[in-house]
file upload-v7.cif (mmCIF, C-alpha atoms and all ligand atoms)
data_final
loop_
_atom_site.label_atom_id
_atom_site.label_comp_id
_atom_site.auth_asym_id
_atom_site.auth_seq_id
_atom_site.Cartn_x
_atom_site.Cartn_y
_atom_site.Cartn_z
CA MET A 1 1.54 200.66 156.86
CA ASP A 2 4.53 201.79 158.85
CA LEU A 3 5.50 199.16 161.38
CA ALA A 4 9.26 199.57 161.33
CA ILE A 5 10.61 198.89 164.82
CA GLY A 6 13.88 200.81 165.21
CA ALA A 7 16.62 200.97 167.83
CA GLU A 8 14.24 202.40 170.44
CA GLY A 9 12.18 199.25 169.99
CA ASP A 10 15.24 196.97 170.27
CA GLU A 11 16.13 198.49 173.60
CA PHE A 12 12.63 198.10 174.97
CA ARG A 13 12.46 194.52 173.66
CA ALA A 14 15.70 193.64 175.43
CA VAL A 15 14.37 195.03 178.72
CA ILE A 16 11.09 193.08 178.68
CA ARG A 17 12.79 189.93 177.38
CA GLY A 18 15.40 190.07 180.12
CA TRP A 19 12.78 190.68 182.78
CA LEU A 20 10.70 187.72 181.57
CA ALA A 21 13.77 185.46 181.50
CA ASP A 22 14.51 186.37 185.14
CA ASN A 23 10.97 186.29 186.52
CA LEU A 24 8.57 184.07 184.55
CA PRO A 25 7.77 180.88 186.51
CA ASP A 26 7.34 177.64 184.55
CA ASP A 27 4.19 176.39 186.30
CA LEU A 28 1.58 178.74 184.84
CA HIS A 29 0.05 176.46 182.22
CA ASP A 30 -2.81 174.04 182.41
CA ASP A 31 -1.23 170.70 183.26
CA ASP A 32 -4.39 168.99 184.56
CA THR A 33 -3.70 170.20 188.09
CA ASP A 34 -6.41 171.71 190.21
CA ALA A 35 -7.93 174.77 188.44
CA ASP A 36 -8.05 176.74 191.71
CA ALA A 37 -4.36 176.11 192.39
CA LEU A 38 -3.48 177.15 188.83
CA PHE A 39 -5.53 180.33 189.24
CA GLU A 40 -3.66 181.20 192.45
CA ARG A 41 -0.27 180.64 190.75
CA ARG A 42 -1.37 183.00 187.97
CA ARG A 43 -2.54 185.51 190.54
CA ALA A 44 0.92 185.41 192.19
CA TRP A 45 2.51 185.94 188.75
CA ASN A 46 0.12 188.86 188.21
CA ALA A 47 1.41 190.45 191.46
CA THR A 48 5.02 189.96 190.30
CA MET A 49 4.22 191.75 187.03
CA PHE A 50 2.45 194.54 188.88
CA GLU A 51 5.34 195.17 191.28
CA SER A 52 7.65 195.77 188.29
CA GLY A 53 5.12 197.76 186.25
CA TRP A 54 4.56 195.03 183.66
CA ALA A 55 0.94 194.09 184.39
CA ALA A 56 -0.66 196.57 181.94
CA ILE A 57 1.90 198.80 180.30
CA ASP A 58 -0.82 200.70 178.40
CA TRP A 59 -2.31 201.98 181.69
CA PRO A 60 -1.29 205.44 182.94
CA THR A 61 1.70 205.40 185.32
CA GLU A 62 -0.34 206.80 188.22
CA TYR A 63 -2.44 203.62 188.32
CA GLY A 64 0.45 201.17 187.96
CA GLY A 65 1.04 201.14 184.19
CA ARG A 66 3.80 202.67 182.04
CA ASP A 67 1.92 205.00 179.67
CA ALA A 68 3.44 202.86 176.94
CA SER A 69 3.44 203.91 173.28
CA VAL A 70 1.67 201.76 170.68
CA LEU A 71 5.08 200.48 169.53
CA GLU A 72 6.01 199.44 173.07
CA GLN A 73 2.63 197.74 173.49
CA LEU A 74 3.21 195.81 170.29
CA ILE A 75 6.66 194.65 171.43
CA TYR A 76 5.29 193.76 174.86
CA ILE A 77 2.52 191.62 173.31
CA GLU A 78 5.03 189.85 171.05
CA GLU A 79 7.46 189.14 173.88
CA MET A 80 4.77 188.00 176.32
CA ALA A 81 3.32 185.66 173.67
CA GLY A 82 6.78 184.42 172.67
CA ALA A 83 7.61 183.56 176.29
CA GLY A 84 4.17 181.99 176.89
CA ALA A 85 3.53 184.47 179.71
CA PRO A 86 -0.11 184.84 180.84
CA GLY A 87 -1.47 188.38 181.23
CA PRO A 88 -3.33 189.73 184.27
CA VAL A 89 -5.95 187.45 185.85
CA ASN A 90 -8.52 190.28 185.62
CA ALA A 91 -8.53 190.23 181.83
CA ILE A 92 -11.95 191.88 181.37
CA GLY A 93 -11.42 194.17 184.36
CA VAL A 94 -8.09 195.51 183.14
CA ALA A 95 -9.17 195.91 179.50
CA ASN A 96 -12.79 197.02 179.87
CA ILE A 97 -13.88 197.95 183.40
CA ALA A 98 -10.81 199.97 184.42
CA PRO A 99 -10.98 202.44 181.48
CA ALA A 100 -14.58 203.25 182.46
CA ILE A 101 -13.54 203.80 186.10
CA MET A 102 -10.57 205.95 184.98
CA THR A 103 -12.70 208.20 182.81
CA LEU A 104 -16.03 208.27 184.68
CA GLY A 105 -15.24 207.20 188.26
CA THR A 106 -14.89 209.45 191.31
CA ASP A 107 -11.43 210.00 192.84
CA GLU A 108 -12.44 207.66 195.67
CA GLN A 109 -13.42 204.92 193.21
CA LYS A 110 -10.13 205.27 191.29
CA GLU A 111 -8.14 205.18 194.51
CA ARG A 112 -10.10 202.26 195.94
CA PHE A 113 -10.37 199.96 192.94
CA LEU A 114 -7.71 200.37 190.23
CA ARG A 115 -4.51 199.16 191.86
CA PRO A 116 -6.03 196.09 193.61
CA MET A 117 -7.64 195.19 190.26
CA LEU A 118 -4.39 195.48 188.33
CA ARG A 119 -2.44 193.56 190.97
CA GLY A 120 -5.06 190.77 190.91
CA ASP A 121 -5.80 191.16 194.63
CA GLU A 122 -9.47 191.69 193.85
CA ILE A 123 -11.20 189.81 191.05
CA TRP A 124 -13.75 191.59 188.88
CA SER A 125 -16.56 190.38 186.67
CA GLN A 126 -18.78 192.27 184.28
CA GLY A 127 -22.54 191.82 184.76
CA MET A 128 -24.14 192.82 181.49
CA SER A 129 -25.84 189.80 179.89
CA GLU A 130 -29.11 188.39 181.17
CA PRO A 131 -31.17 185.41 179.96
CA ASP A 132 -33.25 187.87 177.84
CA ALA A 133 -30.65 190.58 177.15
CA GLY A 134 -27.43 189.79 175.31
CA SER A 135 -26.66 191.56 172.04
CA ASP A 136 -29.48 193.92 172.92
CA LEU A 137 -27.93 194.98 176.24
CA ALA A 138 -30.40 197.84 176.68
CA ALA A 139 -33.18 195.24 177.10
CA LEU A 140 -31.79 194.34 180.54
CA SER A 141 -34.27 194.00 183.39
CA CYS A 142 -32.14 193.48 186.54
CA ARG A 143 -33.76 196.12 188.74
CA ALA A 144 -32.30 198.57 191.28
CA VAL A 145 -34.69 200.65 193.39
CA SER A 146 -33.28 203.64 195.30
CA ASP A 147 -34.44 204.71 198.75
CA GLY A 148 -32.06 207.69 198.88
CA ASP A 149 -28.97 206.19 200.59
CA ARG A 150 -28.90 202.86 198.85
CA PHE A 151 -30.24 200.72 196.04
CA ILE A 152 -32.00 197.40 196.49
CA VAL A 153 -31.05 195.12 193.59
CA ASN A 154 -33.09 192.17 192.34
CA GLY A 155 -32.54 190.15 189.17
CA GLN A 156 -30.27 187.76 187.31
CA LYS A 157 -27.14 188.03 185.19
CA THR A 158 -25.55 185.24 183.17
CA TRP A 159 -22.29 184.30 181.40
CA ASN A 160 -20.29 186.45 183.83
CA SER A 161 -16.65 185.54 183.15
CA LEU A 162 -14.92 184.91 186.49
CA GLY A 163 -18.31 185.54 188.20
CA HIS A 164 -17.79 182.63 190.59
CA ARG A 165 -14.39 184.01 191.71
CA ALA A 166 -15.28 187.68 191.68
CA ASP A 167 -14.95 190.05 194.64
CA TRP A 168 -16.56 192.89 192.65
CA CYS A 169 -18.98 193.20 189.75
CA GLN A 170 -19.48 196.04 187.32
CA LEU A 171 -23.22 195.57 187.27
CA TYR A 172 -25.66 197.11 184.80
CA VAL A 173 -29.17 197.58 186.22
CA ARG A 174 -32.44 199.25 185.33
CA THR A 175 -33.11 202.19 187.63
CA ASP A 176 -35.93 203.84 185.68
CA PRO A 177 -38.31 201.46 183.90
CA SER A 178 -40.43 204.40 182.65
CA ALA A 179 -37.51 205.98 180.69
CA PRO A 180 -36.56 204.93 177.13
CA LYS A 181 -34.56 201.73 177.50
CA HIS A 182 -31.12 203.28 176.82
CA GLU A 183 -31.75 206.04 179.36
CA GLY A 184 -33.09 204.07 182.31
CA MET A 185 -29.88 202.08 182.93
CA THR A 186 -27.26 202.63 185.63
CA CYS A 187 -23.88 201.05 186.29
CA LEU A 188 -23.10 199.99 189.89
CA LEU A 189 -19.83 198.70 191.36
CA VAL A 190 -21.14 195.90 193.55
CA ASP A 191 -19.39 193.99 196.32
CA MET A 192 -19.97 190.32 195.47
CA ARG A 193 -19.73 189.40 199.17
CA SER A 194 -22.93 191.39 199.89
CA ALA A 195 -25.84 189.48 201.41
CA GLY A 196 -28.21 188.21 198.70
CA VAL A 197 -25.60 187.64 195.95
CA ASP A 198 -25.53 184.04 194.71
CA ALA A 199 -22.92 183.22 192.02
CA ARG A 200 -23.39 179.77 190.51
CA PRO A 201 -20.55 178.50 188.27
CA ILE A 202 -21.44 177.28 184.75
CA ARG A 203 -19.41 174.36 183.39
CA THR A 204 -18.67 174.78 179.68
CA ILE A 205 -18.79 172.06 177.02
CA GLY A 206 -14.98 172.05 177.22
CA GLY A 207 -15.19 171.08 180.90
CA SER A 208 -13.88 174.32 182.41
CA LEU A 209 -15.56 176.62 184.93
CA ASP A 210 -15.01 179.97 183.23
CA PHE A 211 -18.17 181.82 184.11
CA ALA A 212 -21.20 182.00 186.35
CA GLU A 213 -24.83 182.97 186.46
CA VAL A 214 -25.40 185.42 189.28
CA PHE A 215 -28.63 185.98 191.20
CA PHE A 216 -29.31 189.18 193.17
CA SER A 217 -32.01 188.99 195.87
CA ASP A 218 -32.67 192.22 197.80
CA VAL A 219 -28.97 193.13 197.63
CA GLU A 220 -28.20 196.47 199.33
CA VAL A 221 -25.81 198.69 197.35
CA PRO A 222 -24.72 202.14 198.63
CA VAL A 223 -25.43 205.14 196.35
CA ASP A 224 -21.70 205.95 196.13
CA ALA A 225 -21.34 202.69 194.18
CA VAL A 226 -22.78 204.38 191.07
CA LEU A 227 -20.19 204.62 188.27
CA GLY A 228 -20.91 207.83 186.33
CA GLU A 229 -24.38 209.24 186.84
CA ILE A 230 -27.66 207.54 187.69
CA GLY A 231 -29.30 206.83 184.31
CA SER A 232 -25.99 206.95 182.40
CA GLY A 233 -25.41 203.17 182.29
CA TRP A 234 -25.50 203.10 178.48
CA LYS A 235 -22.77 205.75 178.31
CA VAL A 236 -20.65 203.73 180.78
CA ALA A 237 -21.15 200.57 178.73
CA THR A 238 -19.92 202.27 175.58
CA ARG A 239 -16.98 203.89 177.42
CA THR A 240 -15.07 200.63 177.93
CA LEU A 241 -12.53 201.15 175.15
CA GLY A 242 -9.13 200.64 176.74
CA PHE A 243 -5.80 202.35 176.25
CA GLU A 244 -4.37 199.29 174.59
CA ARG A 245 -4.08 200.03 170.89
CA ALA A 246 -2.09 196.98 169.84
CA GLY A 247 -4.44 194.32 171.31
CA VAL A 248 -5.37 192.90 167.91
CA ALA A 249 -1.77 191.64 167.60
CA LYS A 250 -2.57 189.15 170.38
CA LEU A 251 -5.28 187.59 168.25
CA SER A 252 -3.04 187.17 165.25
CA LEU A 253 -0.24 185.68 167.40
CA MET A 254 -2.67 183.22 169.04
CA LEU A 255 -3.93 182.09 165.62
CA GLN A 256 -0.38 181.69 164.29
CA GLU A 257 0.52 179.59 167.33
CA ASN A 258 -2.43 177.24 166.72
CA VAL A 259 -1.65 176.94 163.00
CA ASP A 260 2.02 176.14 163.82
CA ARG A 261 0.89 173.56 166.37
CA LEU A 262 -1.40 171.92 163.80
CA LEU A 263 1.41 171.81 161.23
CA ALA A 264 3.67 170.12 163.79
CA ASP A 265 1.01 167.67 165.04
CA SER A 266 -0.01 166.64 161.51
CA GLY A 267 3.38 164.95 161.00
CA ALA A 268 5.31 164.28 157.79
CA GLU A 269 3.36 161.14 156.89
CA ARG A 270 -0.05 162.86 156.83
CA ARG A 271 1.37 165.90 155.05
CA ARG A 272 2.18 163.73 152.03
CA ASP A 273 -1.57 163.59 151.34
CA PRO A 274 -2.41 166.39 148.82
CA ILE A 275 -5.79 167.12 150.46
CA VAL A 276 -4.15 167.51 153.88
CA ARG A 277 -1.51 169.78 152.36
CA GLN A 278 -4.20 171.93 150.78
CA LEU A 279 -6.10 172.24 154.08
CA LEU A 280 -2.95 173.18 155.98
CA ALA A 281 -1.99 175.72 153.32
CA ALA A 282 -5.44 177.32 153.63
CA ARG A 283 -5.00 177.69 157.42
CA HIS A 284 -1.51 179.13 156.95
CA THR A 285 -2.98 181.64 154.48
CA ASP A 286 -5.61 182.59 157.09
CA ALA A 287 -2.84 183.30 159.61
CA VAL A 288 -0.94 185.51 157.14
CA LEU A 289 -4.12 187.42 156.23
CA LEU A 290 -4.98 188.01 159.88
CA ARG A 291 -1.46 189.30 160.55
CA LEU A 292 -1.86 191.82 157.72
CA LEU A 293 -5.31 192.85 158.96
CA SER A 294 -4.05 193.36 162.50
CA GLN A 295 -1.01 195.30 161.25
CA ARG A 296 -3.33 197.64 159.37
CA THR A 297 -5.24 198.36 162.58
CA ILE A 298 -2.05 198.87 164.60
CA SER A 299 -0.63 201.10 161.90
CA ALA A 300 -3.78 203.27 162.13
CA ALA A 301 -3.28 203.50 165.92
CA MET A 302 0.41 204.40 165.51
CA ASN A 303 -0.64 207.21 163.22
CA GLY A 304 -2.99 208.58 165.84
CA ARG A 305 -6.30 207.17 164.63
CA MET A 306 -8.54 205.42 167.17
CA PRO A 307 -9.20 201.82 166.15
CA GLY A 308 -12.96 201.71 165.72
CA ALA A 309 -14.78 199.41 163.38
CA GLU A 310 -11.41 198.13 162.05
CA ALA A 311 -11.02 196.17 165.30
CA SER A 312 -14.43 194.55 164.64
CA VAL A 313 -13.10 193.29 161.29
CA VAL A 314 -10.11 191.66 163.01
CA LYS A 315 -12.28 190.11 165.75
CA LEU A 316 -14.71 188.79 163.16
CA ALA A 317 -11.99 187.27 160.98
CA TRP A 318 -10.00 185.87 163.94
CA SER A 319 -12.96 184.07 165.55
CA GLN A 320 -13.94 182.37 162.30
CA MET A 321 -10.33 181.47 161.46
CA GLU A 322 -9.80 179.89 164.91
CA GLN A 323 -12.90 177.76 164.36
CA ARG A 324 -11.54 176.68 160.98
CA VAL A 325 -8.19 175.65 162.54
CA ALA A 326 -9.98 173.47 165.12
CA GLU A 327 -12.19 171.92 162.42
CA THR A 328 -9.18 171.32 160.14
CA ALA A 329 -7.47 169.57 163.07
CA MET A 330 -10.40 167.15 163.12
CA ASP A 331 -10.12 166.57 159.37
CA VAL A 332 -6.37 166.03 159.55
CA LEU A 333 -5.85 164.28 162.90
CA GLY A 334 -9.15 162.36 163.03
CA LEU A 335 -10.13 160.95 166.42
CA ASP A 336 -6.91 162.27 167.98
CA ALA A 337 -8.39 165.76 167.68
CA LEU A 338 -11.42 164.94 169.81
CA SER A 339 -9.53 164.80 173.11
CA GLY A 340 -6.68 166.67 174.80
CA GLY A 341 -5.69 170.12 173.62
CA TRP A 342 -7.36 169.87 170.20
CA GLY A 343 -10.60 168.61 171.77
CA GLU A 344 -10.61 171.61 174.10
CA ARG A 345 -9.83 173.99 171.24
CA LEU A 346 -12.64 172.50 169.11
CA ALA A 347 -15.21 172.90 171.90
CA GLY A 348 -13.85 176.25 173.10
CA SER A 349 -13.69 177.80 169.64
CA ARG A 350 -17.49 177.75 169.38
CA SER A 351 -17.69 180.56 171.94
CA LEU A 352 -15.34 182.86 170.01
CA THR A 353 -18.04 183.97 167.56
CA ILE A 354 -20.30 184.91 170.52
CA ALA A 355 -18.07 186.52 173.17
CA GLY A 356 -17.32 190.22 172.85
CA GLY A 357 -20.06 190.75 170.25
CA THR A 358 -21.48 188.00 168.04
CA THR A 359 -20.53 187.53 164.40
CA GLU A 360 -23.86 188.93 163.24
CA VAL A 361 -23.56 192.00 165.45
CA ASN A 362 -19.99 192.61 164.29
CA LYS A 363 -21.12 192.25 160.68
CA ASN A 364 -23.76 194.92 161.35
CA ILE A 365 -21.05 197.22 162.74
CA VAL A 366 -18.76 196.63 159.77
CA GLY A 367 -21.67 197.04 157.33
CA GLU A 368 -22.78 200.34 158.83
CA ARG A 369 -19.48 201.94 159.89
CA VAL A 370 -16.97 200.57 157.36
CA LEU A 371 -19.04 199.89 154.27
CA GLY A 372 -21.55 202.72 154.85
CA LEU A 373 -24.58 200.47 154.35
CA PRO A 374 -28.01 201.63 155.60
CA ARG A 375 -28.56 201.22 159.35
CA GLU A 376 -30.35 198.14 160.64
CA PRO A 377 -34.09 198.90 160.97
CA LYS A 378 -35.09 199.50 164.60
CA VAL A 379 -38.04 197.39 165.78
C1 LIG B 401 -16.78 183.16 176.40
C2 LIG B 401 -17.85 184.16 176.75
C3 LIG B 401 -17.63 185.07 177.77
C4 LIG B 401 -18.63 185.98 178.13
N1 LIG B 401 -18.40 186.83 179.18
C5 LIG B 401 -19.38 187.68 179.55
C6 LIG B 401 -19.20 188.54 180.70
O1 LIG B 401 -18.15 188.51 181.35
N2 LIG B 401 -20.20 189.35 181.06
C7 LIG B 401 -21.40 189.40 180.37
O2 LIG B 401 -22.27 190.18 180.75
N3 LIG B 401 -21.61 188.59 179.29
C8 LIG B 401 -20.64 187.74 178.88
N4 LIG B 401 -20.84 186.92 177.80
C9 LIG B 401 -22.13 186.92 177.13
C10 LIG B 401 -22.07 187.60 175.77
O3 LIG B 401 -21.87 188.99 175.92
C11 LIG B 401 -23.41 187.29 175.06
O4 LIG B 401 -23.48 185.88 174.88
C12 LIG B 401 -23.48 188.00 173.73
O5 LIG B 401 -23.63 189.38 173.94
C13 LIG B 401 -24.68 187.49 172.91
O6 LIG B 401 -25.83 187.54 173.65
P1 LIG B 401 -26.80 186.26 173.75
O7 LIG B 401 -25.98 185.07 174.12
O8 LIG B 401 -27.93 186.62 174.64
O9 LIG B 401 -27.32 186.00 172.29
P2 LIG B 401 -28.45 186.87 171.54
O10 LIG B 401 -28.14 188.30 171.62
O11 LIG B 401 -29.78 186.41 172.03
O12 LIG B 401 -28.23 186.39 170.06
C14 LIG B 401 -28.77 185.16 169.55
C15 LIG B 401 -28.46 185.12 168.06
O13 LIG B 401 -29.10 186.22 167.39
C16 LIG B 401 -28.15 187.00 166.67
N5 LIG B 401 -28.50 188.42 166.73
C17 LIG B 401 -28.75 189.15 167.85
N6 LIG B 401 -29.00 190.43 167.52
C18 LIG B 401 -28.88 190.54 166.17
C19 LIG B 401 -29.02 191.61 165.24
N7 LIG B 401 -29.30 192.84 165.65
N8 LIG B 401 -28.83 191.32 163.93
C20 LIG B 401 -28.53 190.06 163.51
N9 LIG B 401 -28.40 188.99 164.35
C21 LIG B 401 -28.56 189.23 165.66
C22 LIG B 401 -26.83 186.75 167.38
O14 LIG B 401 -25.72 186.98 166.54
C23 LIG B 401 -26.96 185.28 167.77
O15 LIG B 401 -26.61 184.44 166.70
C24 LIG B 401 -19.86 186.00 177.42
C25 LIG B 401 -20.09 185.09 176.38
C26 LIG B 401 -19.10 184.17 176.05
C27 LIG B 401 -19.37 183.19 174.93
#

call {"tool": "encode", "arguments": {"input": "upload-v7.cif", "output": "structure tokens", "more": "lines below"}}
Ligand SMILES: Cc1cc2nc3c(=O)[nH]c(=O)nc-3n(C[C@H](O)[C@H](O)[C@H](O)COP(=O)(O)OP(=O)(O)OC[C@H]3O[C@@H](n4cnc5c(N)ncnc54)[C@H](O)[C@@H]3O)c2cc1C
result
Amino acid sequence: MDLAIGAEGDEFRAVIRGWLADNLPDDLHDDDTDADALFERRRAWNATMFESGWAAIDWPTEYGGRDASVLEQLIYIEEMAGAGAPGPVNAIGVANIAPAIMTLGTDEQKERFLRPMLRGDEIWSQGMSEPDAGSDLAALSCRAVSDGDRFIVNGQKTWNSLGHRADWCQLYVRTDPSAPKHEGMTCLLVDMRSAGVDARPIRTIGGSLDFAEVFFSDVEVPVDAVLGEIGSGWKVATRTLGFERAGVAKLSLMLQENVDRLLADSGAERRRDPIVRQLLAARHTDAVLLRLLSQRTISAAMNGRMPGAEASVVKLAWSQMEQRVAETAMDVLGLDALSGGWGERLAGSRSLTIAGGTTEVNKNIVGERVLGLPREPKV
């Protein structure tokens, strides 16, 4: 691994650190105020970042980024995390939807959508999952029928992050039910204010409103809303890999922050107990191991290799380690860990082994692409 950050890095670090010191507001964290008001403060912060080119430094300059190197991305992630600065409000849009628009979209789509997305002026959600299509995305049944100039969309999506706030949805639909399931899918960029769209927020076990189920009833969508080609929805779905090559560092920094918080909250008195000490040492070891894993992935990216299945290993390890931290907090802090920040982390951590590919699906990827095991039998 070669992660030496030289003078070039120092200079870049000083620039981003100075900018954050001058511009980062101190009211961007959840302090039990109204969730809508907090979202709008974060949206305003997003616009501030965009105006100075700090919203997504990995994006190409022409769309509002900085074409940043992997090293600069790594420094940016460290400085943003160190300052407690939230990233863009369109987290999924910026990381996953935009790369697909950049590589497969028309010039009109790039011009129309990318900058408002990065600035946070328009909120995006991703409509993939359905009640009967999750890990097996190609089983989706939300239907779009074309009459030449437009599609008529009918069906349901679920677990759409930001779905209840979204202005636009990257929607995956079935356009040809007679084709093999991976070939009959199309991706549409759908205006969520269209007649017939009904986004119903879902409240999570942690109490927050993070996503929605969305119903489409005879929704009219123009044909120029197709992203890529009609029937190429599967290709679009697999073309969401972003430009960010240092993203895994965020996961390891988040875990380290939670482990440090647990060490501080446990207090000197509890830490005298040998069992508590052993539990805390195990969580600290997790954090060190994840840092090494993420450094290996970043090192591969710095040496010009695309992070592929290696990123699945980090995601897999991180999600399970975060769950262990929350569970250890219960063991160490007792009832105190059932409410407040630890209560939220305990409830919220359950979703980490589902979102962005479940543990089992990631294990399949690692088994097949890293370990070279035989492919999963197709039913
Ligand atoms: C926080 C969060 C945010 C999300 N945001 C979005 C979003 O913005 N847009 C969106 O479209 N979706 C979103 N999702 C949904 C997410 O993509 C799905 O939950 C995920 O793909 C799993 O699908 P599922 O829930 O239908 O479970 P299923 O796919 O039905 O899986 C059920 C169980 O079977 C296992 N399983 C499935 N297939 C296999 C296999 N081949 N081998 C072994 N085991 C298997 C799974 O691991 C799981 O344990 C989000 C989910 C979460 C938790």

call {"tool": "closest_atom_pairs", "arguments": {"input": "upload-v7.cif", "of": "chain A", "to": "ligand LIG 401 (chain B)", "cutoff": "9 Å", "atoms": "only C-alpha atoms and all ligand atoms", "output": "JSON lines"}}
result
{"residue": "A:Ile92", "atom": "CA", "partner": "B:LIG401", "partner_atom": "O1", "distance": 7.1}
{"residue": "A:Ser125", "atom": "CA", "partner": "B:LIG401", "partner_atom": "O1", "distance": 5.9}
{"residue": "A:Gln126", "atom": "CA", "partner": "B:LIG401", "partner_atom": "N2", "distance": 4.6}
{"residue": "A:Gly127", "atom": "CA", "partner": "B:LIG401", "partner_atom": "O2", "distance": 4.3}
{"residue": "A:Met128", "atom": "CA", "partner": "B:LIG401", "partner_atom": "O2", "distance": 3.3}
{"residue": "A:Ser129", "atom": "CA", "partner": "B:LIG401", "partner_atom": "O2", "distance": 3.7}
{"residue": "A:Glu130", "atom": "CA", "partner": "B:LIG401", "partner_atom": "O8", "distance": 6.9}
{"residue": "A:Pro131", "atom": "CA", "partner": "B:LIG401", "partner_atom": "O8", "distance": 6.3}
{"residue": "A:Asp132", "atom": "CA", "partner": "B:LIG401", "partner_atom": "O8", "distance": 6.3}
{"residue": "A:Ala133", "atom": "CA", "partner": "B:LIG401", "partner_atom": "O8", "distance": 5.4}
{"residue": "A:Gly134", "atom": "CA", "partner": "B:LIG401", "partner_atom": "O6", "distance": 3.2}
{"residue": "A:Ser135", "atom": "CA", "partner": "B:LIG401", "partner_atom": "O10", "distance": 3.6}
{"residue": "A:Asp136", "atom": "CA", "partner": "B:LIG401", "partner_atom": "O10", "distance": 5.9}
{"residue": "A:Leu137", "atom": "CA", "partner": "B:LIG401", "partner_atom": "O5", "distance": 7.4}
{"residue": "A:Lys157", "atom": "CA", "partner": "B:LIG401", "partner_atom": "O2", "distance": 6.9}
{"residue": "A:Thr158", "atom": "CA", "partner": "B:LIG401", "partner_atom": "O2", "distance": 6.4}
{"residue": "A:Trp159", "atom": "CA", "partner": "B:LIG401", "partner_atom": "C8", "distance": 4.6}
{"residue": "A:Asn160", "atom": "CA", "partner": "B:LIG401", "partner_atom": "O1", "distance": 3.9}
{"residue": "A:Ser161", "atom": "CA", "partner": "B:LIG401", "partner_atom": "O1", "distance": 3.8}
{"residue": "A:Leu162", "atom": "CA", "partner": "B:LIG401", "partner_atom": "O1", "distance": 7.1}
{"residue": "A:Gly163", "atom": "CA", "partner": "B:LIG401", "partner_atom": "O1", "distance": 7.5}
{"residue": "A:Leu171", "atom": "CA", "partner": "B:LIG401", "partner_atom": "O2", "distance": 8.5}
{"residue": "A:Tyr172", "atom": "CA", "partner": "B:LIG401", "partner_atom": "O2", "distance": 8.7}
{"residue": "A:Asp210", "atom": "CA", "partner": "B:LIG401", "partner_atom": "C1", "distance": 7.7}
{"residue": "A:Phe211", "atom": "CA", "partner": "B:LIG401", "partner_atom": "N1", "distance": 7.0}
{"residue": "A:Ala212", "atom": "CA", "partner": "B:LIG401", "partner_atom": "O1", "distance": 8.8}
{"residue": "A:Gly348", "atom": "CA", "partner": "B:LIG401", "partner_atom": "C1", "distance": 8.2}
{"residue": "A:Arg350", "atom": "CA", "partner": "B:LIG401", "partner_atom": "C27", "distance": 8.0}
{"residue": "A:Ser351", "atom": "CA", "partner": "B:LIG401", "partner_atom": "C27", "distance": 4.3}
{"residue": "A:Leu352", "atom": "CA", "partner": "B:LIG401", "partner_atom": "C27", "distance": 6.4}
{"residue": "A:Thr353", "atom": "CA", "partner": "B:LIG401", "partner_atom": "C27", "distance": 7.5}
{"residue": "A:Ile354", "atom": "CA", "partner": "B:LIG401", "partner_atom": "C27", "distance": 4.8}
{"residue": "A:Ala355", "atom": "CA", "partner": "B:LIG401", "partner_atom": "C26", "distance": 3.9}
{"residue": "A:Gly356", "atom": "CA", "partner": "B:LIG401", "partner_atom": "O3", "distance": 5.6}
{"residue": "A:Gly357", "atom": "CA", "partner": "B:LIG401", "partner_atom": "O5", "distance": 5.3}
{"residue": "A:Thr358", "atom": "CA", "partner": "B:LIG401", "partner_atom": "O14", "distance": 4.6}
{"residue": "A:Thr359", "atom": "CA", "partner": "B:LIG401", "partner_atom": "O14", "distance": 5.6}
{"residue": "A:Glu360", "atom": "CA", "partner": "B:LIG401", "partner_atom": "O14", "distance": 4.3}
{"residue": "A:Val361", "atom": "CA", "partner": "B:LIG401", "partner_atom": "C19", "distance": 5.5}
{"residue": "A:Asn362", "atom": "CA", "partner": "B:LIG401", "partner_atom": "O14", "distance": 8.3}
{"residue": "A:Lys363", "atom": "CA", "partner": "B:LIG401", "partner_atom": "C20", "distance": 8.2}
{"residue": "A:Asn364", "atom": "CA", "partner": "B:LIG401", "partner_atom": "N8", "distance": 6.7}
{"residue": "A:Glu376", "atom": "CA", "partner": "B:LIG401", "partner_atom": "N7", "distance": 7.4}
{"residue": "A:Lys378", "atom": "CA", "partner": "B:LIG401", "partner_atom": "N7", "distance": 8.9}

call {"tool": "residues_around", "arguments": {"input": "upload-v7.cif", "residues": "Gly206 in chain A", "least_positions_apart": "5", "cutoff": "8 Å", "atoms": "only C-alpha atoms", "output": "list in words"}}
result
Gly343, Glu344, Ala347 and Gly348 of chain A

call {"tool": "closest_residue", "arguments": {"input": "upload-v7.cif", "among": "A:Asp27, A:Ala329, A:His164, A:Thr204", "to": "Ala264 in chain A", "atoms": "all atoms listed in the file"}}
result
A:Ala329

call {"tool": "atom_distance", "arguments": {"input": "upload-v7.cif", "atom1": "CA of Ser232 in chain A", "atom2": "CA of Arg200 in chain A"}}
result
28.5 Å

call {"tool": "closest_residue", "arguments": {"input": "upload-v7.cif", "among": "A:Ser266, A:Thr103, A:Thr175, A:Ser312", "to": "Lys235 in chain A", "atoms": "only C-alpha atoms"}}
result
A:Thr103

call {"tool": "atom_distance", "arguments": {"input": "upload-v7.cif", "atom1": "CA of Gly267 in chain A", "atom2": "CA of Ser252 in chain A"}}
result
23.5 Å

call {"tool": "atom_distance", "arguments": {"input": "upload-v7.cif", "atom1": "CA of Leu24 in chain A", "atom2": "CA of Glu79 in chain A"}}
result
11.9 Å

call {"tool": "residues_around", "arguments": {"input": "upload-v7.cif", "residues": "Ile57 in chain A", "least_positions_apart": "2", "cutoff": "8 Å", "atoms": "all atoms listed in the file", "output": "PyMOL selection string"}}
result
chain A and resi 53-55+59-60+65-68+73
